[in-house]
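> Got a structure here, written out as structure tokens. Questions coming.
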Amino acid sequence: MTHPASTRPLTDAQANWLRVNAYLPPLVLLGVLFSCVIASACLLTTFPSTPFLIGFVAAAAIIMLVVAAFTALYAYHHHLDLRDGVAYVRIARLMGKRRRKTSRNTPRFYVHFEGLDEMETLPETYEPLCEGAIYTVVYSPRVRRCWEAEAK
């Protein structure tokens, strides 16, 4: 049972979270790219005819381009949700929830509502949810972030 989505303005905390995730990763990536270019230029001018070094720098450049593409996509989705300025609101049934432990021992919480993609959420939102119950869900669709879920 899903109902059409409506919207509500983002709270300051939601907008700030989207802003940090839209702008910080590209800035960090630019710093890393700049450092890699400088290091590569220094190595290639110091050891110009070393085939292994040339191959290593070329492989590193390809990897950095792939990382840059994924970072740009990540930041773009956050930017779009921030630019919209709204969170979507929908009434939906909770189909499932899961907790995933990461290597850093900081668990991540995911919820899946009927008619919506699986979304990451905070522990405060995750804990009281019961599978099969109907909730009013507040979320950002592109970044797949559930901001809150209130029992209906």
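Residues in the structure tokens are named by chain (A, B, ... in the order shown) and by number from 1 within that chain; ligands are numbered from 1 in the order shown.
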List every residue of chain A that DSSP, applied to the backbone of this structure, places in strand (DSSP E), and write the result as a PyMOL selection string.
chain A and resi 6-9+86-100+108-113+118-121+134-140+145-151
> I'd like the contact shell of stretch 10-23 of chain A - 7 Å cut-off, only C-alpha atoms, skipping same-chain residues fewer than 2 positions apart - returned as a list in words.
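Skipping anything fewer than 2 positions along the chain leaves Arg8, Pro25, Pro26, Leu27, Ala75, Tyr76, His78, His79, Leu82, Gly85, Val86 and Ala87 of chain A.
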> Next, dump the selected residues to file, keeping only N, CA and C atoms, as a short mmCIF file (atom, residue, chain, number, x, y, z; two decimals), in the first residue's frame.

```
data_model
loop_
_atom_site.label_atom_id
_atom_site.label_comp_id
_atom_site.auth_asym_id
_atom_site.auth_seq_id
_atom_site.Cartn_x
_atom_site.Cartn_y
_atom_site.Cartn_z
N ARG A 8 7.87 18.46 1.80
CA ARG A 8 7.96 19.45 2.87
C ARG A 8 9.36 20.04 2.80
N PRO A 25 33.27 16.10 -0.40
CA PRO A 25 34.01 15.07 -1.16
C PRO A 25 34.72 15.61 -2.41
N PRO A 26 34.09 16.47 -3.22
CA PRO A 26 34.84 17.01 -4.37
C PRO A 26 36.04 17.88 -3.96
N LEU A 27 35.91 18.62 -2.86
CA LEU A 27 37.04 19.43 -2.41
C LEU A 27 38.20 18.56 -1.96
N ALA A 75 28.34 13.45 -5.30
CA ALA A 75 28.12 14.86 -4.96
C ALA A 75 26.94 15.44 -5.75
N TYR A 76 26.80 15.05 -7.01
CA TYR A 76 25.72 15.55 -7.86
C TYR A 76 24.36 15.16 -7.29
N HIS A 78 23.59 14.52 -4.17
CA HIS A 78 23.36 15.32 -2.96
C HIS A 78 23.01 16.76 -3.33
N HIS A 79 23.69 17.28 -4.34
CA HIS A 79 23.43 18.65 -4.79
C HIS A 79 22.00 18.78 -5.33
N LEU A 82 19.59 18.81 -2.47
CA LEU A 82 19.74 20.09 -1.78
C LEU A 82 19.09 21.21 -2.58
N GLY A 85 15.40 21.52 -2.28
CA GLY A 85 15.01 22.18 -1.04
C GLY A 85 13.87 21.51 -0.29
N VAL A 86 13.50 20.31 -0.74
CA VAL A 86 12.39 19.62 -0.09
C VAL A 86 12.75 18.16 0.18
N ALA A 87 12.08 17.62 1.19
CA ALA A 87 12.12 16.19 1.44
C ALA A 87 10.76 15.66 1.00
#
```
> State, in Å with one decimal place, the distance from atom CA of A:Ser6 to atom CA of A:Glu120.
20.0 Å
> Can you work out which one of A:Arg104, A:Ala41, A:His112, A:Tyr126 has the shortest atom-to-atom distance to A:Val57, counting only C-alpha atoms?
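Checking each candidate against A:Val57, we get A:Ala41 as the closest.
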> Skipping near chain neighbours, those fewer than 2 positions away, what residues fall within 6 Å of stretch 133-143 of chain A using only C-alpha atoms, listed as a PyMOL selection string?
chain A and resi 77+87-94+130-131+145-152
> Could you write out that same residue set with N, CA and C atoms as an mmCIF file, in the first residue's frame?

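Saved to result.cif:
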```
data_model
loop_
_atom_site.group_PDB
_atom_site.id
_atom_site.type_symbol
_atom_site.label_atom_id
_atom_site.label_comp_id
_atom_site.auth_asym_id
_atom_site.auth_seq_id
_atom_site.Cartn_x
_atom_site.Cartn_y
_atom_site.Cartn_z
ATOM 1 N N HIS A 77 24.195 13.918 -6.854
ATOM 2 C CA HIS A 77 22.925 13.488 -6.275
ATOM 3 C C HIS A 77 22.596 14.292 -5.015
ATOM 4 N N ALA A 87 12.083 17.624 1.188
ATOM 5 C CA ALA A 87 12.117 16.188 1.444
ATOM 6 C C ALA A 87 10.763 15.658 1.000
ATOM 7 N N TYR A 88 10.745 14.457 0.499
ATOM 8 C CA TYR A 88 9.502 13.849 0.047
ATOM 9 C C TYR A 88 8.837 13.129 1.212
ATOM 10 N N VAL A 89 7.517 13.118 1.199
ATOM 11 C CA VAL A 89 6.742 12.476 2.257
ATOM 12 C C VAL A 89 5.786 11.492 1.584
ATOM 13 N N ARG A 90 5.818 10.270 2.069
ATOM 14 C CA ARG A 90 4.946 9.235 1.509
ATOM 15 C C ARG A 90 4.495 8.301 2.626
ATOM 16 N N ILE A 91 3.299 7.797 2.498
ATOM 17 C CA ILE A 91 2.806 6.782 3.425
ATOM 18 C C ILE A 91 3.087 5.434 2.784
ATOM 19 N N ALA A 92 3.815 4.568 3.509
ATOM 20 C CA ALA A 92 4.193 3.272 2.945
ATOM 21 C C ALA A 92 4.391 2.243 4.050
ATOM 22 N N ARG A 93 4.298 0.994 3.652
ATOM 23 C CA ARG A 93 4.498 -0.138 4.568
ATOM 24 C C ARG A 93 5.985 -0.480 4.611
ATOM 25 N N LEU A 94 6.489 -0.749 5.824
ATOM 26 C CA LEU A 94 7.882 -1.166 5.979
ATOM 27 C C LEU A 94 8.004 -2.628 5.554
ATOM 28 N N CYS A 130 8.811 -1.376 12.932
ATOM 29 C CA CYS A 130 8.371 -2.782 12.919
ATOM 30 C C CYS A 130 7.968 -3.154 11.494
ATOM 31 N N GLU A 131 8.513 -4.254 11.007
ATOM 32 C CA GLU A 131 8.184 -4.706 9.658
ATOM 33 C C GLU A 131 6.694 -4.950 9.530
ATOM 34 N N ARG A 145 17.999 8.537 1.374
ATOM 35 C CA ARG A 145 18.168 8.808 2.795
ATOM 36 C C ARG A 145 16.794 8.953 3.430
ATOM 37 N N CYS A 146 16.488 8.133 4.419
ATOM 38 C CA CYS A 146 15.241 8.242 5.175
ATOM 39 C C CYS A 146 15.513 9.153 6.372
ATOM 40 N N TRP A 147 14.857 10.309 6.379
ATOM 41 C CA TRP A 147 15.082 11.274 7.455
ATOM 42 C C TRP A 147 14.283 10.909 8.696
ATOM 43 N N GLU A 148 13.049 10.462 8.492
ATOM 44 C CA GLU A 148 12.219 10.071 9.625
ATOM 45 C C GLU A 148 11.083 9.176 9.140
ATOM 46 N N ALA A 149 10.570 8.385 10.051
ATOM 47 C CA ALA A 149 9.434 7.508 9.761
ATOM 48 C C ALA A 149 8.550 7.496 10.995
ATOM 49 N N GLU A 150 7.328 7.951 10.831
ATOM 50 C CA GLU A 150 6.397 8.049 11.943
ATOM 51 C C GLU A 150 5.255 7.061 11.729
ATOM 52 N N ALA A 151 4.927 6.310 12.765
ATOM 53 C CA ALA A 151 3.858 5.315 12.676
ATOM 54 C C ALA A 151 2.548 5.984 12.302
ATOM 55 N N LYS A 152 1.831 5.342 11.422
ATOM 56 C CA LYS A 152 0.545 5.892 10.934
ATOM 57 C C LYS A 152 -0.583 5.362 11.767
#
```
> Got a sec to tell me which of stretch 7-128 of chain A DSSP assigns to helix (DSSP H, G or I), as an MDAnalysis selection string?
chainID A and resid 12:46 51:84 123:126
> How many Å separate atom CA of A:Leu29 from atom CA of A:Thr71?
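These two atoms are separated by 7.8 Å.
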> List the neighbours of A:Ala39 out to 12 Å using only C-alpha atoms; skip same-chain residues closer than 6 positions along the sequence, and give me the result as a PyMOL selection string.
chain A and resi 32-33+45-46+53+57+60-61
> Selection from above, N, CA and C atoms, as a short mmCIF file (atom, residue, chain, number, x, y, z; two decimals), in the first residue's frame, can you write it?

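Resulting contents of again.cif:
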```
data_model
loop_
_atom_site.label_atom_id
_atom_site.label_comp_id
_atom_site.auth_asym_id
_atom_site.auth_seq_id
_atom_site.Cartn_x
_atom_site.Cartn_y
_atom_site.Cartn_z
N VAL A 32 43.51 15.77 -3.29
CA VAL A 32 44.21 14.52 -3.57
C VAL A 32 44.72 14.50 -5.01
N LEU A 33 43.88 14.92 -5.96
CA LEU A 33 44.30 14.97 -7.37
C LEU A 33 45.49 15.91 -7.56
N THR A 45 59.84 13.64 -13.98
CA THR A 45 60.97 14.49 -14.37
C THR A 45 62.28 13.98 -13.77
N THR A 46 62.19 13.30 -12.61
CA THR A 46 63.38 12.75 -11.97
C THR A 46 63.83 11.46 -12.65
N LEU A 53 57.69 3.09 -14.08
CA LEU A 53 57.15 4.30 -13.46
C LEU A 53 56.09 4.95 -14.36
N VAL A 57 52.24 5.45 -13.20
CA VAL A 57 51.58 6.75 -13.21
C VAL A 57 50.33 6.69 -14.08
N ALA A 60 47.68 4.77 -12.16
CA ALA A 60 47.18 5.62 -11.07
C ALA A 60 46.24 6.70 -11.62
N ALA A 61 46.57 7.23 -12.79
CA ALA A 61 45.72 8.26 -13.41
C ALA A 61 44.35 7.69 -13.77
#
```
